[in-house]
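Single-structure report; data block below.
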Amino acid sequence: MEDYLVRLVFLGVICWGALFVLLRNLLPNRSFEFCNRLVSTVHATLAVSLACFSVQDWRCPVCPPASRSSSPLQMQILTVTLSYLIYDLICCLFDKKVSLDNSVHHIVSIVGIGAGLAYKLCGSEMVTTMFITEISSPFLHLRELLKELGYRDSDLNLAADIAFAVTFSVARMIGGPCLTYVTLTADYPLIIKGMALGLQLVSAFWFYKIVRMVNYKLGRRIKPRKVA
């Protein structure tokens, strides 16, 4: 990876950390996780916006696929998410709420983006992956933020749950497999292919958990009919 990209990643980690510290000071009555999720929401919004900004031709947003070189703009945009993932992985360790699936997701993503930046390959696919993986994140964080704000069993929280489930399912279980296929069939190093497959497997596991969550929540809303 080029030196200026390493510096951007390092600077990004500092900026994400500074934003978290700022929010902790502005919202002293809110939990560690609440402030971290606000940072995550900022990142998700920024990542999706930058991914859209990088599109060269909206008639083919993922073009050029299987490109032998990433553009400087694509690599700079990817440092935003790479720095955030490093920050968030460290932040989760401080919060002492480390889950295996989330840690695997972070490590796979960090290694995958790092390899793509080092080889200067897979720019279109990685930026599209950034869009796919972050488009549902604001709804994910909203549902958790609403719980701390006292709206755990409200209609608003249920709407956030459904919006998250729908966007996640469409993005990661329709767009994700298509993008994984493009990556696996391209002439990319094995580490990039392995990370793409690993990320899709984690998404499939989360999809299973989301289906169970939606079934549980909707089941609680449906009252059993009384037999006459």
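Each chain of the structure tokens is named A, B, ... in the order shown, its residues numbered from 1; ligands are numbered from 1 in display order.
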Considering only C-alpha atoms, tabulate each residue of range 81-109 of chain A that lies at most 10 Å from range 27-34 of chain A along with its nearest interatomic pair and the corresponding distance in Å to one decimal; arrange the rows by chain and ascending residue number and present them as CSV.
residue,atom,partner,partner_atom,distance
A:Cys91,CA,A:Glu33,CA,9.2
A:Cys92,CA,A:Glu33,CA,8.6
A:Phe94,CA,A:Phe32,CA,9.3
A:Asp95,CA,A:Phe32,CA,6.9
A:Lys97,CA,A:Glu33,CA,9.2
Gly123 in chain A surroundings by only C-alpha atoms, 10 Å radius, close-in-sequence under 5 positions cut, as a compact mmCIF listing (two decimals) with C-alpha atoms, in the first residue's frame:
# COMPACT_ATOMS: atom_id res chain seq x y z
CA VAL A 62 -20.25 -1.28 -11.03
CA CYS A 63 -18.13 -0.61 -14.12
CA PRO A 64 -15.43 -1.34 -14.83
CA PRO A 65 -15.73 -4.82 -13.25
CA ALA A 66 -12.65 -7.04 -12.83
CA SER A 67 -10.48 -4.01 -13.55
CA ARG A 68 -6.72 -4.50 -13.50
CA SER A 69 -6.26 -1.23 -11.63
CA SER A 70 -8.18 0.84 -9.09
CA SER A 71 -8.57 4.56 -9.63
CA PRO A 72 -6.96 6.97 -7.13
CA LEU A 73 -10.45 8.19 -6.16
CA GLN A 74 -11.63 4.64 -5.42
CA MET A 75 -8.60 3.94 -3.24
CA ILE A 77 -12.69 6.46 -0.71
CA LEU A 78 -11.87 2.96 0.53
CA ILE A 113 -9.76 -3.85 1.65
CA GLY A 116 -7.20 -4.59 -2.59
CA LEU A 117 -5.37 -1.36 -1.82
CA THR A 128 -19.75 -1.41 -4.55
CA THR A 129 -19.27 -3.73 -1.57
(request) Within range 20-221 of chain A, find each residue whose DSSP state, derived from the backbone, is alpha helix (DSSP H), and express the selection as an MDAnalysis selection string. (result) chainID A and resid 20:26 32:53 72:95 100:119 123:134 137:148 155:170 176:185 190:221
(request) Pick out the closest residue to Val80 in chain A from this set: A:Gly198, A:Gly12, A:Pro138, A:Pro61. Count only C-alpha atoms. (result)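 Selected residue with least distance to Val80 in chain A: A:Gly12.
Between CA of Met195 in chain A and CA of Ile110 in chain A the separation is 9.2 Å.
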(request) Extract, using only C-alpha atoms, all DNA, RNA and protein residues at most 8 Å from range 155-169 of chain A, discarding same-chain residues fewer than 4 positions from it, and format them as number ranges by chain. (result) A: 133, 135-137, 139-140, 142-143, 146-147, 151, 173-174, 207, 210-211, 214, 217
(message) Please list as a list in words every residue within 9 Å of Leu8 in chain A, counting only C-alpha atoms and excluding residues in the same chain fewer than 3 positions away.
(response) Asp3, Tyr4, Leu5, Leu11, Gly12, Val13, Gln76, Thr79, Val80 and Ser83 of chain A
Quick one: write out the picked residues with N, CA and C atoms as a compact mmCIF listing (two decimals), in the first residue's frame?
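Everything below was put into out38.txt:
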# COMPACT_ATOMS: atom_id res chain seq x y z
N ASP A 3 2.36 4.97 0.67
CA ASP A 3 2.54 5.67 1.95
C ASP A 3 1.41 6.66 2.22
N TYR A 4 0.94 7.35 1.17
CA TYR A 4 -0.09 8.37 1.41
C TYR A 4 -1.41 7.72 1.80
N LEU A 5 -1.67 6.49 1.33
CA LEU A 5 -2.88 5.78 1.74
C LEU A 5 -2.78 5.33 3.18
N LEU A 11 -4.89 8.73 9.73
CA LEU A 11 -5.62 9.97 10.02
C LEU A 11 -7.10 9.68 10.22
N GLY A 12 -7.65 8.77 9.41
CA GLY A 12 -9.05 8.42 9.53
C GLY A 12 -9.38 7.80 10.87
N VAL A 13 -8.52 6.89 11.35
CA VAL A 13 -8.73 6.27 12.66
C VAL A 13 -8.76 7.33 13.75
N GLN A 76 -8.85 6.21 -2.39
CA GLN A 76 -9.00 7.20 -1.32
C GLN A 76 -10.32 7.00 -0.58
N THR A 79 -10.20 4.13 1.89
CA THR A 79 -9.49 4.38 3.15
C THR A 79 -10.44 4.88 4.24
N VAL A 80 -11.55 5.51 3.83
CA VAL A 80 -12.53 5.99 4.80
C VAL A 80 -13.13 4.81 5.56
N SER A 83 -10.36 2.79 7.64
CA SER A 83 -10.03 3.45 8.91
C SER A 83 -11.17 3.30 9.91
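Relative to CA of Arg172 in chain A, CA of Ala204 in chain A is found at 7.9 Å.
Among the candidates A:Arg24, A:Ala196, A:Asn102, A:Glu148, the one nearest to Val182 in chain A when counting only C-alpha atoms is A:Ala196.
Nearest to Ala18 in chain A of all the residues A:Leu82, A:Cys35, A:Val6, A:Ala171 is A:Cys35, counting only C-alpha atoms.
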Excluding Met130 in chain A and residues on its chain fewer than 4 positions from it, collect all residues at most 8 Å away from it, counting only C-alpha atoms, and give them as a short mmCIF file (atom, residue, chain, number, x, y, z; two decimals) with all heavy atoms, in the first residue's frame.
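Wrote out_8.cif, looks like this:
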data_model
loop_
_atom_site.label_atom_id
_atom_site.label_comp_id
_atom_site.auth_asym_id
_atom_site.auth_seq_id
_atom_site.Cartn_x
_atom_site.Cartn_y
_atom_site.Cartn_z
N ALA A 47 -20.13 6.69 3.71
CA ALA A 47 -19.68 5.63 2.81
C ALA A 47 -20.61 5.47 1.62
O ALA A 47 -20.16 5.35 0.47
CB ALA A 47 -19.56 4.31 3.57
N VAL A 48 -21.91 5.46 1.88
CA VAL A 48 -22.89 5.33 0.78
C VAL A 48 -22.81 6.54 -0.15
O VAL A 48 -22.86 6.39 -1.38
CB VAL A 48 -24.31 5.18 1.36
CG1 VAL A 48 -25.36 5.27 0.25
CG2 VAL A 48 -24.45 3.84 2.09
N ALA A 51 -19.62 6.29 -2.22
CA ALA A 51 -19.75 5.23 -3.21
C ALA A 51 -20.55 5.71 -4.41
O ALA A 51 -20.19 5.45 -5.57
CB ALA A 51 -20.40 4.00 -2.59
N LEU A 78 -11.95 4.20 -0.25
CA LEU A 78 -11.87 2.96 0.53
C LEU A 78 -11.12 3.15 1.84
O LEU A 78 -11.35 2.42 2.81
CB LEU A 78 -11.23 1.86 -0.31
CG LEU A 78 -12.11 1.32 -1.44
CD1 LEU A 78 -11.29 0.48 -2.41
CD2 LEU A 78 -13.26 0.49 -0.86
N THR A 81 -13.56 3.79 4.81
CA THR A 81 -14.15 2.62 5.45
C THR A 81 -13.11 1.77 6.16
O THR A 81 -13.37 1.23 7.24
CB THR A 81 -14.91 1.77 4.40
OG1 THR A 81 -16.10 2.48 4.00
CG2 THR A 81 -15.31 0.42 4.96
N MET A 126 -14.90 -3.33 -4.69
CA MET A 126 -14.80 -2.98 -3.28
C MET A 126 -15.65 -1.76 -2.94
O MET A 126 -16.27 -1.72 -1.86
CB MET A 126 -13.33 -2.74 -2.91
CG MET A 126 -12.50 -4.00 -2.83
SD MET A 126 -10.91 -3.76 -1.97
CE MET A 126 -10.15 -2.53 -3.03
N GLU A 134 -23.14 -1.06 3.68
CA GLU A 134 -23.49 0.08 4.53
C GLU A 134 -24.88 0.63 4.29
O GLU A 134 -25.37 1.41 5.10
CB GLU A 134 -22.46 1.20 4.35
CG GLU A 134 -21.06 0.84 4.82
CD GLU A 134 -20.99 0.48 6.30
OE1 GLU A 134 -21.86 0.93 7.09
OE2 GLU A 134 -20.07 -0.26 6.69
#
(request) Provide the CA of Tyr188 in chain A to CA of Ser109 in chain A distance in Å, to one decimal place. (result)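 Between CA of Tyr188 in chain A and CA of Ser109 in chain A the gap works out to 16.2 Å.
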